[in-house]
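Here the structure is laid out as structure tokens; the discussion comes afterwards.
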Amino acid sequence: GSYRLYKSMNRSSSWSAISTDLTKGTTNGNLIYGTLTTISVSEADTNVIYVGADDGNVKVTTNNGGTWTTITSGLPNRWITRVAADPLNAGTAYVTLSGYRDNEYLPHVFRTTNFGSTWQSISSNLPQIPVNDIIIDPSNTSTLYVATDAGVYYTTNLGGTWQVLGTGLPLVVVTDITLHDPTRLLVAATYGRSMYKADLTTLTTSTPEVAQNNINVNLFPNPAKGFFHVEISQEIKNGEITLYDLKGEKVFSSSINNGSNKIQPREISSGVYLYKIVSEGSMIKGGKIVFSAL
């Protein structure tokens with residue numbers, strides 16, 4: 001993919017375009033726009049191809065590129081990080097988006113069951129961080145895995161609830177994941193902290209950390225300068241906030257209580273950090289904060 005989609009039938013000895021421009025067109029600025037970022041050919045019907053672009057465009061063809069339909073209605077106007085076709089149903093697909101370049105850190109995971117005519121958000125209790133990749137488990141298509149800016153999460157009920165996958169992975173940006181189904185190994189590529197693998201055969205015996213969304217937490221301002229506040233409406237026990245750099249290394253932590261907490265991490269420099277707020281060891285909120293030192 002470039003701004004068009006190309007296809008080879010002879011192991012890339014030659015290529016031919018099977019589309020016109022699938023993006024919204026070029027725009028001015030210091031970011032790259034008008035480029036396809038993700039392609040997914042349906043295993044259920046190889047005439048069905050989904051594509052996504054860095055300018056928020058998503059399109060689908062059901063006749064191997066003969067005609068294309070724009071299917072962005074209902075999706076946020078954000079960078080498309082991944083589009084993934086369901087392996088068993090050509091009309092079902094998933095899209096992940098990132099608002100990182102727009103200073104928006106909400107999680108965006110959407111599902112369609114009608115070739116993109118309508119979309120349903122399945123982000124539910126994912127932490128407030130961009131999502132970079134998604135995999136549908138071929139052994140059980142109700143199980144999904146997503147790579148985020150703070151690790152890998154999974155769901156067994158099509159996004160009804162999400163959990164952290166396993167243990168041992170630093171709280172770090174994960175840019176890509178892939179699943180080798182015969183061995184049930186999931187491999188995660190990180191930004192700056194090498195690669196990791198998880199044995200999915202032990203998934204049911206793990207005790208992942210689950211975000212407790214019944215506790216209302218408000219972190220502000222973000223971006224912050226010198227200090228920020230964490231307000232917690234309900235009573236918590238052994239509360240703590242931890243900041244990590246983008247390599248996943250812990251740089252600051254502080255105990256917190258219910259009510260208003262003023263956090264002043266004097267020992268860290270200006271930059272973008274991941275934060276995790278826990279109560280009795282269980283995460284109640286996570287996300288990104290842009291911090292400027294005084």
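By convention in this document, the chains of the structure tokens carry letters A, B, ... by their order, each chain's residues are numbered from 1, and ligands are numbered from 1 in the order they are shown.
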
Find the nearest atom pair between each residue of segment 225-273 of chain A and segment 190-202 of chain A for residues within 8 Å, count only C-alpha atoms, give distances in Å to one decimal, sort rows by chain and ascending number, and present the table as JSON lines.
{"residue": "A:Leu246", "atom": "CA", "partner": "A:Tyr191", "partner_atom": "CA", "distance": 7.8}
{"residue": "A:Lys247", "atom": "CA", "partner": "A:Gly192", "partner_atom": "CA", "distance": 5.6}
{"residue": "A:Gly248", "atom": "CA", "partner": "A:Arg193", "partner_atom": "CA", "distance": 7.6}

TODO: Tell me which protein, DNA and RNA residues are within 7 Å of segment 146-158 of chain A, counting only C-alpha atoms, leaving out same-chain ones fewer than 2 positions away, and put them as a list of chain:residue names.
DONE: A:Ile129, A:Pro130, A:Val131, A:Asn132, A:Asp133, A:Ile134, A:Ile135, A:Ser142, A:Thr143, A:Leu144, A:Gly160, A:Thr161, A:Trp162, A:Gln163, A:Val164, A:Leu165, A:Leu169, A:Leu171, A:Val172, A:Val173, A:Val174, A:Thr175, A:Asp176, A:Ile177

Task: Which of A:Thr35, A:Ser117, A:Ser269, A:Ser42 sits closest to Thr70 of chain A [using only C-alpha atoms] - done: A:Ser117

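Computed from the coordinates, the atom CA of Phe291 of chain A to atom CA of Tyr100 of chain A distance equals 15.1 Å.
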
- [ ] Tell me which protein, DNA and RNA residues are within 10 Å of Thr23 of chain A, counting only C-alpha atoms, leaving out same-chain ones fewer than 5 positions away, and put them as a list of chain:residue names.
- [x]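 Listed by chain and then number, they are A:Ser2, A:Tyr3, A:Arg4, A:Tyr33, A:Gly34, A:Thr35, A:Leu36, A:Val51, A:Gly52, A:Ala53, A:Asp54, A:Asp55, A:Gly56, A:Asn57, A:Val58, A:Lys59, A:Thr70.
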
Open item on the list: For Asp181 of chain A, find every residue with an atom within 10 Å (counting only C-alpha atoms), except residues of its own chain fewer than 6 positions away, and show them as a list in words.
Closed with: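 In the requested format, the answer is Asp137, Pro138, Ser139 and Leu200 of chain A.
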
TODO: From the DSSP assignment of the backbone, select every residue of segment 14-207 of chain A that is strand (DSSP E), and format the answer as a ChimeraX atom specification.
DONE: /A:16-17,36-41,49-53,58-61,69-70,79-85,93-98,108-112,120-121,131-136,144-148,151-155,163-164,174-180,185-190,195-199

Open item on the list: Let me make sure I understand: among A:Val290, A:Leu126, A:Ala84, A:Leu22, which one has the smallest atom-to-atom distance to Leu274 of chain A if we use only C-alpha atoms?
Closed with: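 Closest residue, counting only C-alpha atoms: A:Val290.
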
Task: Polymer residues at most 8 Å from segment 253-263 of chain A, only C-alpha atoms, same-chain spacing of 6 or more positions, as a PyMOL selection string - done: chain A and resi 227-243

- [ ] Name the closest residue to Thr72 of chain A among the candidates A:Lys24, A:Arg11, A:Lys250, A:Arg184; distances are taken between atoms, counting only C-alpha atoms.
- [x]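 Of the candidates, the smallest distance to Thr72 of chain A is held by A:Lys24.
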
Task: Residue nearest Gln128 of chain A among A:Asn77, A:Asn103, A:Asn10, A:Thr46 (counting only C-alpha atoms) - done: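 Closest to Gln128 of chain A of all the choices is A:Asn103.
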
Near Trp119 of chain A, counting only C-alpha atoms, which residues have an atom at most 10 Å away, once you skip same-chain residues fewer than 3 positions from it, shown as a compact mmCIF listing (two decimals) with N, CA and C atoms, in the first residue's frame?
# COMPACT_ATOMS: atom_id res chain seq x y z
N ILE A 71 -15.90 3.42 4.66
CA ILE A 71 -16.65 2.91 5.80
C ILE A 71 -16.21 3.59 7.10
N THR A 72 -15.96 4.89 7.01
CA THR A 72 -15.49 5.63 8.19
C THR A 72 -16.62 6.18 9.05
N SER A 73 -17.85 6.13 8.57
CA SER A 73 -18.97 6.68 9.33
C SER A 73 -19.08 5.98 10.69
N GLY A 74 -19.06 6.79 11.76
CA GLY A 74 -19.14 6.23 13.10
C GLY A 74 -17.80 6.04 13.76
N LEU A 75 -16.69 6.26 13.02
CA LEU A 75 -15.36 6.11 13.58
C LEU A 75 -14.76 7.49 13.88
N ALA A 93 -15.07 -7.26 11.03
CA ALA A 93 -13.71 -6.72 11.06
C ALA A 93 -13.56 -5.82 12.27
N TYR A 94 -12.31 -5.53 12.61
CA TYR A 94 -11.98 -4.71 13.76
C TYR A 94 -11.03 -3.59 13.33
N VAL A 95 -11.17 -2.44 13.96
CA VAL A 95 -10.30 -1.30 13.68
C VAL A 95 -9.79 -0.75 15.00
N VAL A 109 -11.18 1.00 19.98
CA VAL A 109 -11.30 -0.31 19.34
C VAL A 109 -12.74 -0.45 18.88
N PHE A 110 -12.95 -0.73 17.59
CA PHE A 110 -14.29 -0.81 17.03
C PHE A 110 -14.47 -2.13 16.29
N ARG A 111 -15.74 -2.58 16.23
CA ARG A 111 -16.08 -3.84 15.56
C ARG A 111 -17.26 -3.61 14.63
N THR A 112 -17.20 -4.22 13.45
CA THR A 112 -18.32 -4.23 12.52
C THR A 112 -18.67 -5.67 12.17
N THR A 113 -19.94 -5.91 11.93
CA THR A 113 -20.38 -7.23 11.47
C THR A 113 -21.08 -7.15 10.13
N ASN A 114 -21.03 -5.96 9.49
CA ASN A 114 -21.73 -5.76 8.21
C ASN A 114 -20.87 -4.98 7.21
N PHE A 115 -19.60 -5.39 7.12
CA PHE A 115 -18.67 -4.80 6.16
C PHE A 115 -18.46 -3.30 6.38
N GLY A 116 -18.62 -2.83 7.62
CA GLY A 116 -18.33 -1.44 7.93
C GLY A 116 -19.50 -0.50 7.77
N ILE A 122 -15.84 -1.25 21.25
CA ILE A 122 -15.64 -2.32 22.23
C ILE A 122 -14.44 -2.01 23.11

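Using only C-alpha atoms for every distance, the candidate list A:Ser124, A:Ser292, A:Glu267, A:Thr67 yields A:Thr67 as the residue closest to Asn47 of chain A.
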
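Excluding Asp45 of chain A itself and any same-chain residue fewer than 5 positions from it, the protein and nucleic acid residues within 12 Å of it, counting only C-alpha atoms, are Ser40, Tyr50, Thr61, Thr62, Asn63, Asn64, Ala85, Asp86, Pro87, Leu88, Asn89, Ala90, Gly91 and Thr92 of chain A.
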
Would you save the residues of that selection, restricted to all heavy atoms, as a CSV table (one decimal), in the first residue's frame?
chain,number,residue,atom,x,y,z
A,40,SER,N,-5.8,-5.7,5.4
A,40,SER,CA,-6.2,-7.0,5.9
A,40,SER,C,-7.1,-7.6,4.8
A,40,SER,O,-8.2,-7.1,4.4
A,40,SER,CB,-7.0,-6.8,7.2
A,40,SER,OG,-7.4,-8.1,7.7
A,50,TYR,N,-9.9,-5.0,3.5
A,50,TYR,CA,-10.0,-3.8,4.3
A,50,TYR,C,-8.7,-3.1,4.3
A,50,TYR,O,-7.6,-3.7,4.4
A,50,TYR,CB,-10.4,-4.1,5.7
A,50,TYR,CG,-11.8,-4.8,5.9
A,50,TYR,CD1,-11.9,-6.2,5.8
A,50,TYR,CD2,-12.9,-4.1,6.1
A,50,TYR,CE1,-13.1,-6.9,6.0
A,50,TYR,CE2,-14.2,-4.7,6.3
A,50,TYR,CZ,-14.2,-6.1,6.2
A,50,TYR,OH,-15.4,-6.7,6.4
A,61,THR,N,-13.3,-3.4,-0.1
A,61,THR,CA,-13.7,-3.9,-1.3
A,61,THR,C,-14.2,-5.4,-1.1
A,61,THR,O,-13.6,-6.1,-0.4
A,61,THR,CB,-12.6,-3.9,-2.4
A,61,THR,OG1,-13.1,-4.5,-3.6
A,61,THR,CG2,-11.4,-4.7,-2.0
A,62,THR,N,-15.3,-5.7,-1.8
A,62,THR,CA,-15.8,-7.1,-1.7
A,62,THR,C,-15.6,-7.8,-3.1
A,62,THR,O,-16.0,-9.0,-3.2
A,62,THR,CB,-17.3,-7.1,-1.4
A,62,THR,OG1,-18.0,-6.4,-2.3
A,62,THR,CG2,-17.5,-6.5,0.0
A,63,ASN,N,-14.9,-7.2,-4.0
A,63,ASN,CA,-14.7,-7.8,-5.3
A,63,ASN,C,-13.3,-7.6,-5.8
A,63,ASN,O,-13.0,-7.3,-6.9
A,63,ASN,CB,-15.7,-7.2,-6.4
A,63,ASN,CG,-15.6,-5.7,-6.5
A,63,ASN,OD1,-14.8,-5.1,-5.9
A,63,ASN,ND2,-16.6,-5.1,-7.2
A,64,ASN,N,-12.3,-7.8,-4.8
A,64,ASN,CA,-10.9,-7.8,-5.1
A,64,ASN,C,-10.4,-6.5,-5.8
A,64,ASN,O,-9.6,-6.5,-6.7
A,64,ASN,CB,-10.6,-9.0,-6.0
A,64,ASN,CG,-9.1,-9.4,-6.0
A,64,ASN,OD1,-8.4,-9.2,-5.0
A,64,ASN,ND2,-8.6,-9.9,-7.1
A,85,ALA,N,-9.5,-8.3,9.6
A,85,ALA,CA,-10.7,-9.1,9.2
A,85,ALA,C,-10.8,-10.3,10.1
A,85,ALA,O,-9.8,-11.0,10.4
A,85,ALA,CB,-10.6,-9.4,7.8
A,86,ASP,N,-12.0,-10.6,10.5
A,86,ASP,CA,-12.3,-11.9,11.2
A,86,ASP,C,-12.0,-13.1,10.3
A,86,ASP,O,-12.3,-13.1,9.1
A,86,ASP,CB,-13.8,-11.9,11.6
A,86,ASP,CG,-14.1,-13.1,12.5
A,86,ASP,OD1,-14.3,-14.2,12.0
A,86,ASP,OD2,-14.2,-12.9,13.7
A,87,PRO,N,-11.3,-14.1,10.9
A,87,PRO,CA,-10.9,-15.2,10.0
A,87,PRO,C,-12.0,-16.1,9.5
A,87,PRO,O,-11.8,-16.9,8.6
A,87,PRO,CB,-9.9,-16.0,10.9
A,87,PRO,CG,-10.3,-15.6,12.3
A,87,PRO,CD,-10.8,-14.2,12.2
A,88,LEU,N,-13.2,-16.0,10.2
A,88,LEU,CA,-14.3,-16.9,9.8
A,88,LEU,C,-15.4,-16.2,9.1
A,88,LEU,O,-16.2,-16.8,8.4
A,88,LEU,CB,-14.8,-17.6,11.1
A,88,LEU,CG,-13.8,-18.4,11.9
A,88,LEU,CD1,-14.5,-19.0,13.1
A,88,LEU,CD2,-13.1,-19.5,11.0
A,89,ASN,N,-15.5,-14.9,9.2
A,89,ASN,CA,-16.7,-14.1,8.7
A,89,ASN,C,-16.1,-12.9,8.0
A,89,ASN,O,-15.6,-12.0,8.6
A,89,ASN,CB,-17.6,-13.7,9.8
A,89,ASN,CG,-18.9,-13.1,9.3
A,89,ASN,OD1,-18.9,-12.5,8.3
A,89,ASN,ND2,-20.0,-13.3,10.1
A,90,ALA,N,-16.3,-12.8,6.7
A,90,ALA,CA,-15.8,-11.7,5.9
A,90,ALA,C,-16.4,-10.4,6.2
A,90,ALA,O,-15.7,-9.4,6.0
A,90,ALA,CB,-15.9,-12.0,4.4
A,91,GLY,N,-17.6,-10.4,6.7
A,91,GLY,CA,-18.2,-9.1,7.0
A,91,GLY,C,-17.9,-8.6,8.4
A,91,GLY,O,-18.2,-7.4,8.7
A,92,THR,N,-17.2,-9.3,9.2
A,92,THR,CA,-16.8,-8.9,10.5
A,92,THR,C,-15.3,-8.4,10.5
A,92,THR,O,-14.5,-9.1,10.0
A,92,THR,CB,-17.0,-10.0,11.5
A,92,THR,OG1,-18.4,-10.4,11.6
A,92,THR,CG2,-16.5,-9.6,12.9

Task: A:Leu106, A:Ala224, A:Val272, A:Thr20 ranked by distance to Trp68 of chain A, top pick (using only C-alpha atoms) - done: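 The answer is A:Thr20, which sits nearest to Trp68 of chain A.
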